[in-house]
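> Structure supplied as target01.cif; contents: mmCIF, C-alpha atoms.
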```cif
data_upload
#
loop_
_atom_site.label_atom_id
_atom_site.label_comp_id
_atom_site.auth_asym_id
_atom_site.auth_seq_id
_atom_site.Cartn_x
_atom_site.Cartn_y
_atom_site.Cartn_z
CA MET A 4 92.77 98.55 129.60
CA LEU A 5 92.39 98.11 125.87
CA GLY A 6 89.93 95.37 125.07
CA SER A 7 88.36 95.56 128.53
CA ILE A 8 86.04 98.24 129.85
CA GLY A 9 85.57 98.31 133.60
CA ASP A 10 85.58 94.55 134.21
CA SER A 11 87.15 91.33 132.97
CA THR A 12 84.72 90.85 130.06
CA PRO A 13 86.59 91.11 126.73
CA ARG A 14 85.26 94.04 124.72
CA THR A 15 85.97 95.89 121.50
CA PRO A 16 89.20 97.94 121.74
CA PHE A 17 88.62 101.67 121.39
CA PHE A 18 91.03 101.97 118.46
CA MET A 19 89.20 99.57 116.16
CA ASP A 20 87.22 100.89 113.22
CA ALA A 21 83.99 99.09 114.13
CA SER A 22 81.54 100.83 116.46
CA PRO A 23 81.06 99.33 119.93
CA SER A 24 78.39 96.71 120.41
CA PRO A 25 75.21 97.86 122.22
CA ASP A 26 76.14 96.05 125.44
CA GLU A 27 79.36 98.08 125.62
CA PHE A 28 77.66 101.47 125.76
CA PRO A 29 76.82 101.37 129.49
CA TYR A 30 80.51 100.89 130.26
CA VAL A 31 81.55 103.52 127.74
CA LEU A 32 79.05 106.08 128.99
CA ALA A 33 80.10 105.51 132.58
CA LYS A 34 83.72 106.18 131.65
CA THR A 35 83.23 109.08 129.24
CA LYS A 36 79.98 110.72 130.43
CA HIS A 37 79.02 111.28 126.78
CA SER A 38 75.80 110.43 125.03
CA LYS A 39 75.71 107.50 122.62
CA GLN A 40 75.63 109.91 119.72
CA ASP A 41 78.58 111.91 121.07
CA TYR A 42 80.56 108.76 121.70
CA ARG A 43 80.00 107.37 118.22
CA GLY A 44 81.13 110.68 116.74
CA ALA A 45 84.32 110.73 118.81
CA TYR A 46 84.96 107.02 118.33
CA ARG A 47 85.78 107.33 114.66
CA LYS A 48 88.37 110.07 115.26
CA VAL A 49 90.66 108.56 117.88
CA ARG A 50 92.44 105.79 116.00
CA ALA A 51 96.00 107.07 115.70
CA SER A 52 98.13 103.92 115.58
CA ASP A 53 98.08 100.28 114.57
CA PRO A 54 95.54 98.14 116.47
CA GLU A 55 96.90 95.56 118.89
CA LEU A 56 96.11 92.00 117.86
CA THR A 57 94.56 89.59 120.33
CA SER A 58 95.41 86.64 118.06
CA ASP A 59 98.61 85.39 116.43
CA PHE A 60 97.82 87.20 113.19
CA ALA A 61 94.91 88.73 111.29
CA VAL A 62 93.30 87.31 108.15
CA PRO A 63 90.97 89.05 105.69
CA ALA A 64 87.29 89.08 106.55
CA GLY A 65 85.63 85.83 105.56
CA SER A 66 88.89 83.85 105.67
CA ASP A 67 89.67 80.99 108.01
CA ALA A 68 93.02 81.27 109.79
CA ALA A 69 93.39 77.48 109.75
CA SER A 70 93.33 77.48 105.94
CA VAL A 71 96.03 80.15 105.53
CA ASN A 72 99.34 78.76 104.30
CA ALA A 73 102.84 80.26 104.08
CA SER A 74 102.04 82.02 100.80
CA PHE A 75 99.85 84.45 102.74
CA PHE A 76 102.92 85.57 104.69
CA THR A 77 105.14 85.92 101.60
CA SER A 78 105.66 88.94 99.36
CA THR A 79 107.87 88.87 96.25
CA MET A 80 107.62 92.60 95.54
CA PHE A 81 111.29 93.28 96.32
CA ARG A 82 112.64 90.76 93.82
CA ASN A 83 114.92 92.25 91.17
CA ALA A 84 114.41 95.80 92.44
CA THR A 85 116.12 98.24 90.08
CA ALA A 86 116.07 101.97 89.48
CA ASP A 87 113.73 103.44 86.88
CA PRO A 88 115.70 106.17 85.05
CA SER A 89 112.48 107.84 83.89
CA LEU A 90 111.76 108.85 87.50
CA ALA A 91 114.94 110.95 87.81
CA PRO A 92 115.68 113.20 89.65
CA PHE A 93 113.85 110.97 92.11
CA GLY A 94 114.82 107.54 93.39
CA THR A 95 112.76 104.41 92.75
CA ALA A 96 110.75 102.93 95.61
CA ARG A 97 108.91 99.66 96.09
CA ARG A 98 106.74 99.72 99.17
CA VAL A 99 105.27 96.73 101.00
CA ASP A 100 102.59 97.72 103.49
CA LEU A 101 99.03 96.92 104.48
CA THR A 102 97.67 98.20 101.17
CA ASN A 103 99.37 95.43 99.18
CA PHE A 104 100.38 92.81 101.79
CA PRO A 105 97.44 91.86 104.06
CA ALA A 106 99.61 89.67 106.29
CA LEU A 107 100.97 92.86 107.88
CA ASP A 108 97.58 93.75 109.35
CA GLY A 109 97.97 94.44 113.07
CA LEU A 110 101.72 93.65 113.16
CA GLY A 111 102.90 97.27 113.20
CA ILE A 112 105.61 96.79 110.56
CA SER A 113 106.16 97.51 106.85
CA ALA A 114 109.11 98.06 104.52
CA THR A 115 110.37 99.84 101.42
CA ILE A 116 113.31 99.21 99.15
CA PHE A 117 114.68 102.38 97.58
CA VAL A 118 117.13 102.44 94.65
CA PHE A 119 118.94 105.72 93.96
CA LEU A 120 120.77 106.38 90.74
CA PRO A 121 123.61 108.90 91.14
CA GLY A 122 122.19 112.36 91.78
CA THR A 123 118.65 111.21 92.61
CA VAL A 124 116.75 112.21 95.72
CA ASN A 125 113.90 111.21 98.01
CA PRO A 126 112.46 114.70 98.58
CA PRO A 127 111.54 116.07 102.02
CA HIS A 128 108.54 114.17 103.37
CA VAL A 129 106.97 112.81 106.55
CA HIS A 130 105.50 109.52 107.70
CA PRO A 131 102.71 110.52 110.11
CA ARG A 132 102.23 107.07 111.63
CA ALA A 133 105.70 105.56 111.89
CA SER A 134 109.33 105.88 112.85
CA GLU A 135 111.76 104.58 110.23
CA VAL A 136 115.02 102.65 110.15
CA VAL A 137 117.13 103.08 107.00
CA PHE A 138 119.71 100.40 106.16
CA VAL A 139 122.15 101.06 103.31
CA VAL A 140 122.47 97.83 101.34
CA ASP A 141 125.05 99.19 98.90
CA GLY A 142 126.53 102.50 97.82
CA ASN A 143 126.58 105.72 99.84
CA LEU A 144 123.60 107.84 100.86
CA ASP A 145 123.27 111.27 102.45
CA ILE A 146 120.30 111.50 104.79
CA GLY A 147 118.83 113.92 107.28
CA PHE A 148 115.82 115.06 109.29
CA VAL A 149 114.61 118.26 110.93
CA ASP A 150 113.20 117.98 114.45
CA THR A 151 110.57 120.13 116.17
CA THR A 152 113.22 122.56 117.43
CA ASN A 153 114.03 123.27 113.78
CA THR A 154 117.40 121.51 114.12
CA LEU A 155 118.76 119.75 111.03
CA ARG A 156 120.65 116.50 111.59
CA THR A 157 122.42 114.99 108.57
CA GLN A 158 124.70 112.02 108.03
CA SER A 159 126.64 110.48 105.16
CA LEU A 160 125.92 106.76 105.26
CA LYS A 161 128.04 103.97 103.82
CA GLN A 162 127.18 100.39 102.97
CA GLY A 163 126.03 98.57 106.11
CA ASP A 164 125.09 101.72 108.05
CA LEU A 165 121.76 102.26 109.84
CA PHE A 166 119.97 105.55 110.45
CA VAL A 167 116.84 106.13 112.56
CA ILE A 168 114.20 108.74 111.69
CA PRO A 169 111.71 109.52 114.49
CA ARG A 170 108.04 109.42 113.66
CA GLY A 171 106.46 112.39 111.93
CA LEU A 172 109.65 114.40 111.29
CA VAL A 173 110.58 115.90 107.92
CA HIS A 174 113.40 113.90 106.33
CA PHE A 175 115.10 113.23 103.00
CA GLN A 176 117.78 111.18 101.23
CA ILE A 177 120.06 111.90 98.28
CA ASN A 178 122.71 109.90 96.44
CA ARG A 179 125.63 112.26 95.82
CA GLY A 180 127.91 109.38 94.87
CA ALA A 181 129.01 108.10 91.47
CA VAL A 182 127.35 104.68 91.76
CA THR A 183 123.81 103.45 92.47
CA ALA A 184 122.80 103.25 96.13
CA THR A 185 120.17 100.92 97.59
CA ALA A 186 118.44 101.33 100.94
CA PHE A 187 116.11 98.98 102.79
CA ASN A 188 113.75 100.93 105.04
CA THR A 189 111.50 99.52 107.75
CA PHE A 190 108.62 101.26 109.52
CA SER A 191 106.90 100.90 112.89
CA SER A 192 103.46 100.75 111.28
CA SER A 193 101.80 98.48 108.75
CA ASN A 194 100.63 101.65 106.99
CA ALA A 195 103.11 104.43 107.77
CA GLY A 196 101.57 106.96 105.39
CA ILE A 197 103.61 109.47 103.43
CA SER A 198 103.22 113.16 102.71
CA SER A 199 105.76 114.68 100.32
CA LEU A 200 106.23 118.35 101.14
CA PRO A 201 106.64 119.61 97.55
CA THR A 202 103.46 117.81 96.49
CA ALA A 203 101.47 118.69 99.61
CA LEU A 204 102.34 122.39 99.44
CA PHE A 205 102.38 123.03 95.72
CA GLY A 206 100.54 120.13 94.10
CA SER A 207 97.54 119.30 96.29
CA SER A 208 94.34 118.23 94.56
CA LYS A 209 92.71 121.46 95.70
CA PRO A 210 95.52 124.05 95.48
CA ILE A 211 96.51 126.10 98.50
CA SER A 212 95.77 129.76 97.73
CA ASP A 213 98.72 131.64 96.25
CA ASP A 214 98.49 134.48 98.76
CA ILE A 215 98.88 132.03 101.66
CA LEU A 216 102.00 130.53 100.12
CA GLU A 217 103.44 133.92 99.14
CA LYS A 218 103.10 135.25 102.69
CA SER A 219 104.23 132.02 104.31
CA PHE A 220 107.41 131.73 102.24
CA GLY A 221 108.02 135.44 101.70
CA VAL A 222 108.31 135.05 97.93
CA SER A 223 106.64 136.54 94.87
CA ALA A 224 103.60 135.26 93.00
CA SER A 225 105.83 134.26 90.08
CA THR A 226 107.92 132.04 92.35
CA ILE A 227 104.81 130.28 93.67
CA LYS A 228 103.59 129.77 90.10
CA THR A 229 106.91 128.22 89.16
CA LEU A 230 106.75 125.84 92.12
CA LYS A 231 103.15 124.86 91.36
CA ASP A 232 103.92 124.36 87.68
CA ALA A 233 106.74 122.01 88.64
CA GLN A 234 104.23 119.81 90.51
CA ALA A 235 101.62 119.79 87.74
#
```
The structure in this file should be written as structure tokens.


Amino acid sequence: MLGSIGDSTPRTPFFMDASPSPDEFPYVLAKTKHSKQDYRGAYRKVRASDPELTSDFAVPAGSDAASVNASFFTSTMFRNATADPSLAPFGTARRVDLTNFPALDGLGISATIFVFLPGTVNPPHVHPRASEVVFVVDGNLDIGFVDTTNTLRTQSLKQGDLFVIPRGLVHFQINRGAVTATAFNTFSSSNAGISSLPTALFGSSKPISDDILEKSFGVSASTIKTLKDAQA
């Protein structure tokens, strides 16, 4: 079981970032039949989801839980959320997750508020560590995802509607209406992660070679250049 290795003695869960304590290695080696060096190497690669807390909540290192007040559990980042016209054709997002709200650590939740001016889009992207629930606060929103059978599922949402996006699948939103739309999105991870397909494919920090993209998409070099220039 997580947090226990072979007996009832509480021990470091395998998914935590810290390496096991020396007294844990005999139990680990008995279970995995790896050397200490091999185990340490594998240990840092297996964390794939939020850690499970063994306390009511987590506080930053060096802090005392008894001294934490309600302000620690409060974020005001969603106050007065409005669209930024300079971001068009994209919507405006405010994200609250582990990177800016430490109280979420270990809770497996986070949220985003997204404001879409008419005609703006949240381009195809994935969240590698979380499923998502989209709630339309006001306006109308078209949304969809593509599953691993290459099936596209789309829906036109109205105010008050919910839509679920399974973890790791490519999805998108667009406001095709005449008025601003607002969506409140929640995630099943305190740090869902995001990878926007246009940026990942055509605007990565170290560019993907043109010949790979040309052959993959079956397009000309000039088309790839146009797509890369658009991400510059």

> With all atoms listed in the file as the basis for distance, which of A:Ala69, A:Met80, A:Val173, A:Ala195 is at the shortest distance from Thr154 (chain A)?

A:Val173

> Quick one: apply the PyMOL selection byres ((chain A and resi 70-79) around 8) to the file and drop the selected residues here as a PDB file with C-alpha atoms, keeping the file's coordinate frame.


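Generated file (selection31.pdb):
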```pdb
ATOM      1  CA  SER A  66      88.890  83.850 105.670  1.00  0.00           C
ATOM      2  CA  ASP A  67      89.670  80.990 108.010  1.00  0.00           C
ATOM      3  CA  ALA A  68      93.020  81.270 109.790  1.00  0.00           C
ATOM      4  CA  ALA A  69      93.390  77.480 109.750  1.00  0.00           C
ATOM      5  CA  MET A  80     107.620  92.600  95.540  1.00  0.00           C
ATOM      6  CA  PHE A  81     111.290  93.280  96.320  1.00  0.00           C
ATOM      7  CA  ARG A  82     112.640  90.760  93.820  1.00  0.00           C
ATOM      8  CA  VAL A  99     105.270  96.730 101.000  1.00  0.00           C
ATOM      9  CA  PHE A 104     100.380  92.810 101.790  1.00  0.00           C
ATOM     10  CA  PRO A 105      97.440  91.860 104.060  1.00  0.00           C
ATOM     11  CA  ALA A 106      99.610  89.670 106.290  1.00  0.00           C
TER      12      ALA A 106
END
```

> How far is it from CA of Gln234 (chain A) to CA of Gly206 (chain A), in Å with one decimal?

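Between CA of Gln234 (chain A) and CA of Gly206 (chain A) the gap works out to 5.2 Å.
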
> If we count all atoms listed in the file, what is near Asp214 (chain A) at a cut-off of 12 Å, once residues fewer than 6 positions away on the same chain are taken out, given as a list in words?

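Once the nearby chain positions are removed, what remains is Phe220, Gly221, Val222, Ser223, Ala224, Ser225, Thr226, Ile227 and Lys228 of chain A.
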
> Under the rule that only C-alpha atoms are counted, which of A:Asp213, A:Asp100, A:Asp141, A:Asp87 is the nearest residue to Ala184 (chain A)?

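Ranked by minimum distance to Ala184 (chain A), first place goes to A:Asp141.
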
> Using all atoms listed in the file, pick whichever of A:Thr202, A:Asn153, A:Ser207, A:Ser191 has the shortest atom-to-atom distance to Ile168 (chain A).

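Checking each of A:Thr202, A:Asn153, A:Ser207, A:Ser191 against Ile168 (chain A), counting all atoms listed in the file, the winner is A:Ser191.
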
> Report the distance between CA of Ser192 (chain A) and CA of Glu135 (chain A) in Å, rounded to one decimal place.

9.2 Å

> Could you give me, as a PyMOL selection string, the residues within 12 Å of Ala181 (chain A), counting all atoms listed in the file and dropping anything in the same chain fewer than 2 positions from it?

chain A and resi 119-123+142-144+177-179+183-184

> Using all atoms listed in the file, which of A:Arg132, A:Leu160, A:Thr185, A:Val137 sits nearest Leu172 (chain A)?

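Among the listed residues, the smallest separation from Leu172 (chain A) belongs to A:Arg132.
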
> So, with all atoms listed in the file as the atoms that count, which of A:His174, A:Ser113, A:Val140, A:Leu200 lies closest to Arg156 (chain A)?

A:His174

> For this structure, which residues satisfy the selection - the PyMOL selection byres ((chain A and resi 125) around 6) - when it is evaluated on the file as given? I want them as a PyMOL selection string.

chain A and resi 93-94+124+126+175-176

> Between CA of Ala84 (chain A) and CA of Asn188 (chain A), measure the distance and give it in Å to one decimal.

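According to the coordinates, CA of Ala84 (chain A) and CA of Asn188 (chain A) are separated by 13.6 Å.
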
> With only C-alpha atoms as the atoms that count, which of A:Ala133, A:Thr95, A:Leu56, A:Pro127 lies nearest to Ser193 (chain A)?

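Smallest distance to Ser193 (chain A) is found for A:Ala133.
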
> Would you kindly translate the PyMOL selection byres ((chain A and resi 116) around 6) into the concrete residues it picks from this file, as an MDAnalysis selection string?

chainID A and resid 96:97 115 117 186:187
